[in-house]
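Asks: My structure is stored as data-v2.cif, with mmCIF, C-alpha atoms.
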```cif
data_upload
#
loop_
_atom_site.label_atom_id
_atom_site.label_comp_id
_atom_site.auth_asym_id
_atom_site.auth_seq_id
_atom_site.Cartn_x
_atom_site.Cartn_y
_atom_site.Cartn_z
CA MET A 1 89.19 102.64 39.97
CA GLY A 2 91.71 100.29 41.52
CA SER A 3 91.02 96.59 41.87
CA ASP A 4 89.57 97.16 45.33
CA GLY A 5 87.23 99.89 44.10
CA LYS A 6 89.30 102.69 45.62
CA LYS A 7 89.69 105.87 43.63
CA ILE A 8 93.18 106.31 42.20
CA SER A 9 94.72 109.77 42.57
CA MET A 10 95.44 111.73 39.40
CA ALA A 11 99.11 111.91 40.43
CA VAL A 12 99.28 108.11 40.10
CA VAL A 13 97.24 108.12 36.88
CA LYS A 14 99.64 110.60 35.30
CA ARG A 15 102.54 108.21 35.95
CA LEU A 16 100.81 105.23 34.33
CA PRO A 17 101.53 106.23 30.69
CA LYS A 18 105.22 106.36 31.53
CA TYR A 19 105.13 102.85 32.99
CA LEU A 20 103.31 101.76 29.87
CA ARG A 21 105.93 103.33 27.60
CA TYR A 22 108.79 101.48 29.31
CA LEU A 23 106.84 98.22 29.56
CA GLY A 24 106.37 98.50 25.78
CA GLU A 25 110.14 98.84 25.36
CA LEU A 26 110.75 95.80 27.58
CA MET A 27 108.21 93.84 25.49
CA GLU A 28 110.06 94.85 22.30
CA LYS A 29 113.27 93.53 23.83
CA GLY A 30 111.49 90.26 24.58
CA GLU A 31 111.73 90.61 28.36
CA GLU A 32 109.06 88.66 30.21
CA ARG A 33 109.58 89.92 33.72
CA THR A 34 110.71 93.06 35.43
CA SER A 35 111.09 94.47 38.92
CA SER A 36 110.38 97.71 40.72
CA HIS A 37 114.16 98.28 40.72
CA GLU A 38 114.46 97.90 36.95
CA LEU A 39 111.40 100.12 36.43
CA SER A 40 112.99 102.62 38.79
CA LYS A 41 116.14 102.81 36.67
CA LEU A 42 114.06 103.26 33.53
CA THR A 43 111.47 105.75 34.75
CA GLY A 44 113.45 107.68 37.34
CA PHE A 45 110.73 107.08 39.96
CA THR A 46 111.88 105.38 43.18
CA ALA A 47 111.30 101.63 43.50
CA SER A 48 109.15 102.23 46.57
CA GLN A 49 107.03 104.79 44.68
CA ILE A 50 106.54 102.24 41.89
CA ARG A 51 105.51 99.45 44.26
CA GLN A 52 103.10 101.83 45.96
CA ASP A 53 101.63 102.95 42.61
CA LEU A 54 101.16 99.40 41.37
CA ASN A 55 99.70 98.28 44.70
CA ASN A 56 96.78 100.59 43.90
CA PHE A 57 95.70 98.03 41.33
CA GLY A 58 95.98 95.02 43.58
CA GLY A 59 99.75 94.52 43.24
CA PHE A 60 100.57 92.24 40.35
CA GLY A 61 104.05 91.74 41.67
CA GLN A 62 105.06 88.47 43.25
CA GLN A 63 107.67 88.24 45.97
CA GLY A 64 110.89 87.00 44.41
CA TYR A 65 109.54 87.15 40.87
CA GLY A 66 108.72 90.79 40.28
CA TYR A 67 106.24 91.79 37.63
CA HIS A 68 105.12 89.93 34.57
CA VAL A 69 105.70 92.51 31.79
CA SER A 70 102.77 91.70 29.48
CA GLN A 71 100.38 91.15 32.38
CA LEU A 72 101.30 94.48 33.97
CA GLN A 73 101.01 96.16 30.58
CA SER A 74 97.50 94.76 30.00
CA GLU A 75 96.43 95.71 33.48
CA ILE A 76 97.61 99.32 33.15
CA LYS A 77 95.94 99.54 29.74
CA ARG A 78 92.71 98.29 31.29
CA ILE A 79 92.93 100.83 34.11
CA LEU A 80 93.51 103.69 31.66
CA GLY A 81 90.69 102.45 29.44
CA LEU A 82 93.01 101.54 26.57
CA ASN A 83 91.44 98.09 26.22
CA ASN A 84 88.63 99.90 24.37
CA LYS A 85 88.63 101.58 20.95
CA TYR A 86 87.80 105.26 20.52
CA ASN A 87 86.58 107.25 17.55
CA MET A 88 88.17 110.67 17.28
CA ILE A 89 87.59 113.62 14.99
CA ILE A 90 89.95 116.54 14.50
CA ILE A 91 88.57 120.06 14.28
CA GLY A 92 91.04 122.21 12.38
CA ALA A 93 92.95 120.64 9.48
CA GLY A 94 95.90 123.05 9.61
CA ASN A 95 99.46 121.98 10.37
CA MET A 96 98.71 120.84 13.89
CA GLY A 97 95.59 118.91 12.87
CA GLN A 98 97.52 117.26 10.06
CA ALA A 99 100.46 116.46 12.34
CA LEU A 100 98.11 114.68 14.75
CA THR A 101 96.38 112.87 11.86
CA ASN A 102 99.72 111.62 10.59
CA TYR A 103 100.84 110.31 13.96
CA VAL A 104 100.18 106.59 13.61
CA GLY A 105 100.99 105.96 17.27
CA PHE A 106 97.46 106.94 18.24
CA GLU A 107 96.02 104.13 16.13
CA LYS A 108 98.24 101.58 17.81
CA MET A 109 96.81 102.82 21.12
CA GLY A 110 93.27 102.16 19.86
CA PHE A 111 92.34 105.64 18.65
CA ASN A 112 90.71 105.79 15.26
CA ILE A 113 90.61 109.19 13.55
CA THR A 114 87.43 109.17 11.46
CA ALA A 115 87.27 112.70 10.02
CA LEU A 116 88.80 116.17 10.03
CA PHE A 117 86.80 119.39 9.84
CA ASP A 118 87.82 122.83 8.67
CA ILE A 119 86.31 126.12 7.49
CA ASN A 120 88.95 126.68 4.79
CA PRO A 121 87.62 125.78 1.28
CA ARG A 122 91.16 124.95 0.15
CA LEU A 123 91.37 122.20 2.76
CA ILE A 124 87.80 120.86 2.55
CA GLY A 125 87.68 117.75 0.38
CA LEU A 126 91.36 116.92 0.85
CA SER A 127 92.29 113.48 2.11
CA ILE A 128 94.99 113.15 4.75
CA ARG A 129 96.26 109.62 5.21
CA GLY A 130 92.93 108.52 3.71
CA ILE A 131 90.86 110.60 6.11
CA GLU A 132 88.60 113.24 4.58
CA VAL A 133 88.59 116.91 5.53
CA CYS A 134 84.92 117.90 5.84
CA ASP A 135 83.22 121.30 5.94
CA ILE A 136 82.83 122.50 9.52
CA ASP A 137 79.17 123.23 8.65
CA GLU A 138 78.61 119.47 8.40
CA LEU A 139 79.83 118.84 11.94
CA SER A 140 76.39 118.50 13.61
CA ASN A 141 75.10 116.17 10.93
CA TYR A 142 78.26 114.10 11.05
CA LEU A 143 77.98 113.66 14.81
CA LEU A 144 74.33 112.58 14.53
CA GLU A 145 75.34 109.76 12.21
CA ASN A 146 78.78 108.78 13.56
CA LYS A 147 79.48 107.84 17.13
CA THR A 148 82.38 110.04 18.21
CA ASP A 149 84.11 109.73 21.56
CA ILE A 150 86.74 112.44 21.40
CA ALA A 151 87.21 115.66 19.46
CA ILE A 152 90.66 117.18 19.05
CA MET A 153 90.49 120.99 18.89
CA THR A 154 93.21 122.70 16.87
CA VAL A 155 91.27 125.82 15.82
CA PRO A 156 91.98 129.48 16.66
CA LYS A 157 90.65 130.46 20.04
CA SER A 158 87.98 132.70 18.48
CA ALA A 159 86.23 129.60 17.06
CA ALA A 160 86.90 127.12 19.85
CA GLN A 161 83.99 127.83 22.20
CA ASP A 162 81.28 127.82 19.50
CA ILE A 163 82.56 124.49 18.23
CA THR A 164 82.70 123.12 21.77
CA ASN A 165 79.01 123.94 22.17
CA ILE A 166 78.17 121.98 19.00
CA LEU A 167 80.27 119.02 20.20
CA VAL A 168 78.60 118.98 23.61
CA GLN A 169 75.09 119.28 22.14
CA ASN A 170 75.82 116.29 19.95
CA GLY A 171 77.08 113.97 22.64
CA VAL A 172 80.87 114.19 22.35
CA ARG A 173 82.15 113.57 25.86
CA GLY A 174 85.89 114.10 25.50
CA ILE A 175 87.73 117.13 24.15
CA TRP A 176 91.50 117.21 23.65
CA ASN A 177 92.09 120.93 23.44
CA PHE A 178 95.09 122.50 21.70
CA SER A 179 93.48 125.95 21.40
CA PRO A 180 94.86 128.56 23.80
CA ILE A 181 91.59 129.03 25.64
CA ASP A 182 89.86 127.49 28.66
CA LEU A 183 86.76 125.90 27.15
CA LYS A 184 83.48 126.15 29.02
CA ALA A 185 81.75 122.77 29.10
CA PRO A 186 79.41 120.92 31.48
CA ASP A 187 81.07 118.89 34.26
CA GLU A 188 80.31 115.58 32.56
CA ILE A 189 82.51 116.57 29.60
CA THR A 190 86.20 115.77 29.96
CA VAL A 191 88.49 118.48 28.63
CA GLU A 192 92.22 117.81 28.57
CA ASN A 193 94.30 120.83 27.62
CA VAL A 194 97.60 120.93 25.76
CA HIS A 195 98.58 124.57 26.14
CA LEU A 196 101.88 124.64 24.25
CA SER A 197 102.70 128.27 25.00
CA GLU A 198 102.41 127.56 28.70
CA SER A 199 104.81 124.64 28.39
CA LEU A 200 107.31 126.84 26.53
CA MET A 201 107.02 129.55 29.21
CA THR A 202 107.73 126.99 31.92
CA LEU A 203 110.82 125.90 29.97
CA VAL A 204 112.06 129.48 29.79
CA TYR A 205 111.49 130.08 33.49
CA ARG A 206 113.50 126.98 34.35
CA LEU A 207 116.19 127.96 31.83
CA ASN A 208 116.66 131.31 33.60
CA LYS A 209 116.73 129.99 37.13
CA MET B 1 113.09 134.32 42.14
CA GLY B 2 110.49 136.46 43.83
CA SER B 3 111.14 140.12 44.60
CA ASP B 4 112.43 139.20 48.05
CA GLY B 5 114.84 136.63 46.64
CA LYS B 6 112.71 133.67 47.76
CA LYS B 7 112.44 130.72 45.42
CA ILE B 8 109.03 130.43 43.77
CA SER B 9 107.49 126.96 43.72
CA MET B 10 106.90 125.31 40.33
CA ALA B 11 103.20 125.05 41.19
CA VAL B 12 103.06 128.85 41.24
CA VAL B 13 105.21 129.16 38.12
CA LYS B 14 102.87 126.86 36.21
CA ARG B 15 99.94 129.17 36.96
CA LEU B 16 101.74 132.31 35.71
CA PRO B 17 101.18 131.69 31.97
CA LYS B 18 97.46 131.45 32.63
CA TYR B 19 97.47 134.81 34.42
CA LEU B 20 99.42 136.20 31.49
CA ARG B 21 96.91 134.89 28.98
CA TYR B 22 93.97 136.55 30.74
CA LEU B 23 95.90 139.77 31.40
CA GLY B 24 96.54 139.88 27.64
CA GLU B 25 92.80 139.57 27.02
CA LEU B 26 92.07 142.38 29.51
CA MET B 27 94.67 144.55 27.73
CA GLU B 28 92.98 143.86 24.39
CA LYS B 29 89.68 145.02 25.90
CA GLY B 30 91.42 148.20 27.05
CA GLU B 31 91.01 147.47 30.76
CA GLU B 32 93.60 149.22 32.92
CA ARG B 33 92.95 147.59 36.26
CA THR B 34 91.73 144.30 37.58
CA SER B 35 91.21 142.55 40.91
CA SER B 36 91.87 139.16 42.39
CA HIS B 37 88.08 138.58 42.18
CA GLU B 38 87.96 139.35 38.46
CA LEU B 39 91.04 137.20 37.85
CA SER B 40 89.37 134.46 39.86
CA LYS B 41 86.31 134.49 37.61
CA LEU B 42 88.53 134.34 34.54
CA THR B 43 91.08 131.75 35.62
CA GLY B 44 88.99 129.57 37.92
CA PHE B 45 91.60 129.89 40.69
CA THR B 46 90.30 131.26 44.02
CA ALA B 47 90.85 134.97 44.74
CA SER B 48 92.85 134.07 47.82
CA GLN B 49 95.07 131.72 45.77
CA ILE B 50 95.67 134.51 43.28
CA ARG B 51 96.58 137.06 45.97
CA GLN B 52 98.93 134.52 47.52
CA ASP B 53 100.55 133.74 44.15
CA LEU B 54 101.08 137.39 43.29
CA ASN B 55 102.37 138.19 46.78
CA ASN B 56 105.34 135.97 45.90
CA PHE B 57 106.54 138.77 43.66
CA GLY B 58 106.13 141.54 46.16
CA GLY B 59 102.38 142.02 45.70
CA PHE B 60 101.68 144.61 43.02
CA GLY B 61 98.11 144.99 44.21
CA GLN B 62 97.05 148.07 46.09
CA GLN B 63 94.31 148.01 48.72
CA GLY B 64 91.14 149.43 47.16
CA TYR B 65 92.65 149.62 43.67
CA GLY B 66 93.52 146.07 42.77
CA TYR B 67 96.12 145.34 40.11
CA HIS B 68 97.36 147.50 37.30
CA VAL B 69 96.93 145.23 34.25
CA SER B 70 99.95 146.25 32.17
CA GLN B 71 102.22 146.52 35.21
CA LEU B 72 101.23 143.04 36.41
CA GLN B 73 101.68 141.69 32.88
CA SER B 74 105.22 143.15 32.61
CA GLU B 75 106.13 141.84 36.02
CA ILE B 76 104.97 138.29 35.27
CA LYS B 77 106.81 138.40 31.93
CA ARG B 78 109.96 139.49 33.75
CA ILE B 79 109.61 136.67 36.28
CA LEU B 80 109.15 134.09 33.54
CA GLY B 81 112.08 135.53 31.57
CA LEU B 82 109.87 136.71 28.71
CA ASN B 83 111.45 140.19 28.77
CA ASN B 84 114.34 138.56 26.90
CA LYS B 85 114.49 137.22 23.33
CA TYR B 86 115.37 133.60 22.58
CA ASN B 87 116.71 131.93 19.46
CA MET B 88 115.15 128.55 18.78
CA ILE B 89 115.83 125.85 16.23
CA ILE B 90 113.50 123.00 15.35
CA ILE B 91 114.91 119.51 14.84
CA GLY B 92 112.52 117.58 12.64
CA ALA B 93 110.74 119.43 9.83
CA GLY B 94 107.80 117.04 9.57
CA ASN B 95 104.21 118.03 10.28
CA MET B 96 104.80 118.82 13.93
CA GLY B 97 107.94 120.82 13.24
CA GLN B 98 106.13 122.74 10.53
CA ALA B 99 103.09 123.32 12.75
CA LEU B 100 105.33 124.83 15.42
CA THR B 101 107.19 126.92 12.81
CA ASN B 102 103.92 128.32 11.53
CA TYR B 103 102.63 129.28 14.95
CA VAL B 104 103.29 133.03 15.01
CA GLY B 105 102.30 133.29 18.67
CA PHE B 106 105.80 132.19 19.70
CA GLU B 107 107.34 135.20 17.94
CA LYS B 108 105.04 137.56 19.80
CA MET B 109 106.32 136.00 23.00
CA GLY B 110 109.91 136.76 21.98
CA PHE B 111 110.90 133.42 20.48
CA ASN B 112 112.69 133.62 17.18
CA ILE B 113 112.87 130.42 15.12
CA THR B 114 116.12 130.64 13.18
CA ALA B 115 116.37 127.28 11.40
CA LEU B 116 114.86 123.82 10.99
CA PHE B 117 116.86 120.63 10.57
CA ASP B 118 115.89 117.32 9.01
CA ILE B 119 117.45 114.17 7.60
CA ASN B 120 114.95 113.88 4.72
CA PRO B 121 116.42 115.13 1.38
CA ARG B 122 112.93 116.07 0.19
CA LEU B 123 112.60 118.54 3.07
CA ILE B 124 116.18 119.90 3.14
CA GLY B 125 116.38 123.22 1.29
CA LEU B 126 112.69 124.00 1.69
CA SER B 127 111.71 127.29 3.23
CA ILE B 128 108.88 127.35 5.78
CA ARG B 129 107.59 130.84 6.54
CA GLY B 130 110.95 132.08 5.31
CA ILE B 131 112.93 129.75 7.57
CA GLU B 132 115.28 127.28 5.89
CA VAL B 133 115.26 123.54 6.45
CA CYS B 134 118.92 122.51 6.82
CA ASP B 135 120.61 119.13 6.65
CA ILE B 136 120.86 117.57 10.11
CA ASP B 137 124.55 116.92 9.32
CA GLU B 138 125.11 120.69 9.49
CA LEU B 139 123.75 120.95 13.03
CA SER B 140 127.10 121.11 14.87
CA ASN B 141 128.50 123.72 12.49
CA TYR B 142 125.34 125.76 12.69
CA LEU B 143 125.45 125.81 16.49
CA LEU B 144 129.11 126.90 16.47
CA GLU B 145 128.19 129.95 14.41
CA ASN B 146 124.70 130.79 15.67
CA LYS B 147 123.83 131.37 19.31
CA THR B 148 120.90 129.08 20.02
CA ASP B 149 119.01 129.05 23.32
CA ILE B 150 116.39 126.39 22.76
CA ALA B 151 116.02 123.38 20.48
CA ILE B 152 112.61 121.90 19.78
CA MET B 153 112.78 118.15 19.23
CA THR B 154 110.16 116.63 16.95
CA VAL B 155 112.14 113.65 15.68
CA PRO B 156 111.41 109.92 16.10
CA LYS B 157 112.59 108.60 19.43
CA SER B 158 115.34 106.53 17.79
CA ALA B 159 117.14 109.75 16.77
CA ALA B 160 116.35 111.92 19.77
CA GLN B 161 119.17 110.97 22.14
CA ASP B 162 121.98 111.27 19.58
CA ILE B 163 120.74 114.71 18.59
CA THR B 164 120.45 115.71 22.24
CA ASN B 165 124.12 114.85 22.71
CA ILE B 166 125.09 117.13 19.80
CA LEU B 167 122.94 119.93 21.20
CA VAL B 168 124.45 119.63 24.66
CA GLN B 169 128.03 119.48 23.32
CA ASN B 170 127.39 122.68 21.42
CA GLY B 171 126.00 124.73 24.26
CA VAL B 172 122.23 124.54 23.78
CA ARG B 173 120.79 124.80 27.29
CA GLY B 174 117.07 124.32 26.70
CA ILE B 175 115.30 121.44 24.98
CA TRP B 176 111.57 121.42 24.31
CA ASN B 177 111.01 117.75 23.69
CA PHE B 178 108.07 116.36 21.68
CA SER B 179 109.70 112.96 21.11
CA PRO B 180 108.22 110.12 23.18
CA ILE B 181 111.41 109.46 25.11
CA ASP B 182 113.00 110.68 28.34
CA LEU B 183 116.15 112.40 27.14
CA LYS B 184 119.36 111.98 29.11
CA ALA B 185 121.09 115.32 29.61
CA PRO B 186 123.30 116.90 32.27
CA ASP B 187 121.52 118.66 35.14
CA GLU B 188 122.32 122.13 33.82
CA ILE B 189 120.29 121.44 30.68
CA THR B 190 116.57 122.20 30.97
CA VAL B 191 114.36 119.64 29.26
CA GLU B 192 110.63 120.33 29.11
CA ASN B 193 108.60 117.43 27.75
CA VAL B 194 105.39 117.53 25.76
CA HIS B 195 104.38 113.88 25.74
CA LEU B 196 101.19 114.00 23.70
CA SER B 197 100.33 110.30 24.03
CA GLU B 198 100.45 110.63 27.81
CA SER B 199 98.07 113.57 27.69
CA LEU B 200 95.66 111.57 25.51
CA MET B 201 95.84 108.61 27.91
CA THR B 202 95.00 110.89 30.82
CA LEU B 203 92.00 112.17 28.86
CA VAL B 204 90.78 108.64 28.26
CA TYR B 205 91.18 107.68 31.91
CA ARG B 206 89.12 110.68 32.99
CA LEU B 207 86.55 109.95 30.26
CA ASN B 208 86.00 106.45 31.66
CA LYS B 209 85.75 107.44 35.29
#
```
What is this structure when it is put down as C-alpha cells?
Replies:
Amino acid sequence: MGSDGKKISMAVVKRLPKYLRYLGELMEKGEERTSSHELSKLTGFTASQIRQDLNNFGGFGQQGYGYHVSQLQSEIKRILGLNNKYNMIIIGAGNMGQALTNYVGFEKMGFNITALFDINPRLIGLSIRGIEVCDIDELSNYLLENKTDIAIMTVPKSAAQDITNILVQNGVRGIWNFSPIDLKAPDEITVENVHLSESLMTLVYRLNK
Amino acid sequence: MGSDGKKISMAVVKRLPKYLRYLGELMEKGEERTSSHELSKLTGFTASQIRQDLNNFGGFGQQGYGYHVSQLQSEIKRILGLNNKYNMIIIGAGNMGQALTNYVGFEKMGFNITALFDINPRLIGLSIRGIEVCDIDELSNYLLENKTDIAIMTVPKSAAQDITNILVQNGVRGIWNFSPIDLKAPDEITVENVHLSESLMTLVYRLNK
C-alpha cells in the first residue's frame, strides 16, 4: 500500500529493490541527499519514472532539495516489509541450499535462517554456518514449535509438491521456490519462483537475436 | 524471429521455457499430441493466450488435431536457440558456482561447463564434477584458447565489473550475472541478471499485502 492507501502496481514494487540497492551504496559513500537525476544515472530508469514511482508513497522529495537518502531508504524498506524480521527455513541442504545459507546478505536484510532440512543421511546432523541440517521427517514437528515465515525450496521437483503441502498445513505463508515446478498452493500462500533454467533460456534467446 | 520474420516480444519469449517444461513432461508420459486447452490447464495461461503465442511461430497446431508434442518442443527449442550447444565458464567457485556446476540439467539443455575460475588458492586446482577450478589470473589466456559463449558470474560485486571487462575484451558475448550489481557492458553483450535479493524482497512485499 502507498501512503494514501492506493495499491502499488507490481511493476513499481519490482523496481524498489533496485532503488534500495543504490540508496545503500549512497549511504556507504556518506551521501545524505540525492535527486531523481542522480538515481536515474545509477539505476538507468528515467528521472520522471523515478519521481512517479516515489510519488506512489507520498513523495518524500522536496522541491530544490531532492531526496533524503536514509529517509527514502527507510521508507522503501517499510513499504517492502523489510522493517520486520523473518524466520526462514531451507528445504534441501545440497549445494544450492548451502549457497543460500552462506549468503550473509539475507541476514542484513532481516532474514534469519533457523534450520535446513534434507532426506540425505550424510547431510542430516551437519551444521552449516552454525545452522543444523535436520531430517525432513521432522519438518512438521519443527513447524509446530518454531514460527516460520518463509521456506526456501531447493529440492528435486519430484519432492517439491509433497513438501509444499506439509508447509501449507503447518502455517508457512511464503515459499521461495528454486525447484523447476509450479507449486500448487492456496491463494493465501505467496510463492515466488526462481526458475534458473528459464532465465538461462532467456539469455540464450537474446544472445541469438 | 518468428517464422514470418516478425520480431517476437520478450513477454512471449519469457513464456516459452514454461511451455518447454510442460512439453517435456508430456513427452516423458509418452503423449504424442496436446491442445491449447491441455497446455492451459498445465501452465495456467489461457488457451487463447497460448494459441496466440504459438501463432507467432507460424502456428504448428492443426484444426481438430491440436499440437504435435515433439514437433512443438523442437520448434520452441529452435526459436530459443537451444538447438545449438554453448560453452560456459563459471567465475566464482564458491557455493553458488559449485551449485550451478553440479546442476546436470544445464547439460541436457546443451550447455557445457568447461571451466571454473576463482581467486581463492584453496579452491584453485580442485575438480568439481570433473571440471577444473582455474586461477582467475589465467582467465584472459583461457578465453584466447577456448571458445566461450557464456560466462556465469558468481563473484562479490567488488570484483564483478573488472571481470566483465576481461570477458568483453576477450569475446564473451553472454553474461549470466548472479552478482548484486548492474554490470556495464557494450550493447552487443547480453547480460541476464539473477538478482536473488530482489526476488526475496518481492516475496516479502507480496507476503505482507
Asks: Using atom CA of B:Met96 and atom CA of A:Ala99 as the two end points, give the distance in Å to one decimal.
Replies: 5.2 Å
Asks: Might you pull out every residue within 9 Å of stretch 172-175 of chain B, with only C-alpha atoms counted and same-chain residues fewer than 2 positions away left off, and present them as JSON, numbers by chain?
Replies: {"A": [203, 204, 206, 207], "B": [143, 147, 148, 149, 150, 151, 152, 153, 164, 166, 167, 168, 169, 170, 177, 188, 189, 190, 191, 192, 193]}
Asks: Give as a ChimeraX atom specification every residue of chain A that touches chain B within 9 Å, counting all atoms listed in the file.
Replies: /A:1,10,13-18,21,43,79-82,86,94-100,102,105-106,109,150,173-176,180-182,188-194,196-209
Asks: Pick out the closest residue to A:Gln73 from this set: A:Ile119, A:Ile136, A:Leu23, A:Ile90. Count all atoms listed in the file.
Replies: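 Of the candidates, the smallest distance to A:Gln73 is held by A:Leu23.
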Asks: May I ask for the distance between atom CA of A:Ala159 and atom CA of A:Ile91, given in Å to one decimal place?
Replies: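 Going from atom CA of A:Ala159 over to atom CA of A:Ile91, I get 10.2 Å.
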Asks: Using all atoms listed in the file, pick whichever of B:Pro186, B:Phe57, B:Leu72, B:Asn112 has the shortest atom-to-atom distance to B:Leu39.
Replies: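 Among the listed residues, the smallest separation from B:Leu39 belongs to B:Leu72.
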Asks: Quick one, how far is atom CA of B:Leu54 from atom CA of B:Ser74?
Replies: 12.8 Å
Asks: Near A:Ile50, within 9 Å and counting all atoms listed in the file, which residues show up once chain neighbours fewer than 4 positions away are dropped, as a VMD selection string?
Replies: chain A and resid 36 to 37 39 to 40 45 to 46 54 to 55
Asks: Considering all atoms listed in the file, can you say which of B:His68, B:Ile163, B:Gly130, B:Asn87 comes closest to B:Asp118?
Replies: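 Comparing B:His68, B:Ile163, B:Gly130, B:Asn87 against B:Asp118, the winner is B:Ile163.
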Asks: Looking at A:Arg33, A:Asn146, A:Gly24, A:Val12, which one is nearest to A:Asn56, with distances taken over only C-alpha atoms?
Replies: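 Using only C-alpha atoms, A:Asn56 sits closest to A:Val12.
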Asks: What are the centre and the three edge lengths of an axis-aligned box that wraps all atoms of stretch 52-55 of chain A in the file, given that 6 Å is added to every side, written as JSON and rounded to one decimal in Å?
Replies:
```
{"center_x": 101.4, "center_y": 100.6, "center_z": 43.7, "size_x": 15.4, "size_y": 16.7, "size_z": 16.6}
```
Asks: Just write stretch 175-188 of chain A with N, CA, C and O atoms, as a compact mmCIF listing (two decimals), in the first residue's frame, taken from the block above.
Replies:
```txt
# COMPACT_ATOMS: atom_id res chain seq x y z
N ILE A 175 6.70 -19.09 0.23
CA ILE A 175 7.60 -20.11 -0.31
C ILE A 175 8.45 -19.47 -1.41
O ILE A 175 7.92 -18.89 -2.36
N TRP A 176 9.76 -19.56 -1.22
CA TRP A 176 10.71 -19.08 -2.25
C TRP A 176 11.19 -20.33 -2.97
O TRP A 176 11.96 -21.11 -2.43
N ASN A 177 10.70 -20.51 -4.19
CA ASN A 177 10.82 -21.80 -4.86
C ASN A 177 11.90 -21.83 -5.93
O ASN A 177 11.79 -21.17 -6.96
N PHE A 178 12.93 -22.65 -5.68
CA PHE A 178 14.00 -22.86 -6.67
C PHE A 178 13.81 -24.16 -7.44
O PHE A 178 14.63 -24.47 -8.31
N SER A 179 12.80 -24.95 -7.11
CA SER A 179 12.58 -26.21 -7.82
C SER A 179 11.89 -25.93 -9.14
O SER A 179 11.00 -25.08 -9.21
N PRO A 180 12.26 -26.67 -10.20
CA PRO A 180 11.69 -26.39 -11.52
C PRO A 180 10.29 -26.96 -11.68
O PRO A 180 10.06 -27.85 -12.48
N ILE A 181 9.37 -26.44 -10.90
CA ILE A 181 7.99 -26.92 -10.90
C ILE A 181 7.10 -25.77 -10.45
O ILE A 181 7.54 -24.92 -9.66
N ASP A 182 5.88 -25.72 -10.97
CA ASP A 182 4.91 -24.73 -10.49
C ASP A 182 4.14 -25.35 -9.32
O ASP A 182 3.32 -26.24 -9.53
N LEU A 183 4.42 -24.89 -8.13
CA LEU A 183 3.81 -25.47 -6.94
C LEU A 183 2.34 -25.11 -6.85
O LEU A 183 1.95 -23.98 -7.14
N LYS A 184 1.53 -26.08 -6.44
CA LYS A 184 0.11 -25.82 -6.19
C LYS A 184 -0.04 -25.46 -4.71
O LYS A 184 0.37 -26.23 -3.84
N ALA A 185 -0.60 -24.29 -4.46
CA ALA A 185 -0.79 -23.85 -3.08
C ALA A 185 -2.01 -22.93 -3.05
O ALA A 185 -2.36 -22.32 -4.05
N PRO A 186 -2.70 -22.87 -1.90
CA PRO A 186 -3.87 -21.99 -1.79
C PRO A 186 -3.48 -20.53 -2.08
O PRO A 186 -2.31 -20.15 -1.94
N ASP A 187 -4.49 -19.73 -2.46
CA ASP A 187 -4.23 -18.34 -2.87
C ASP A 187 -3.55 -17.51 -1.77
O ASP A 187 -2.83 -16.56 -2.07
N GLU A 188 -3.82 -17.85 -0.52
CA GLU A 188 -3.26 -17.03 0.57
C GLU A 188 -1.77 -17.31 0.80
O GLU A 188 -1.12 -16.62 1.59
```
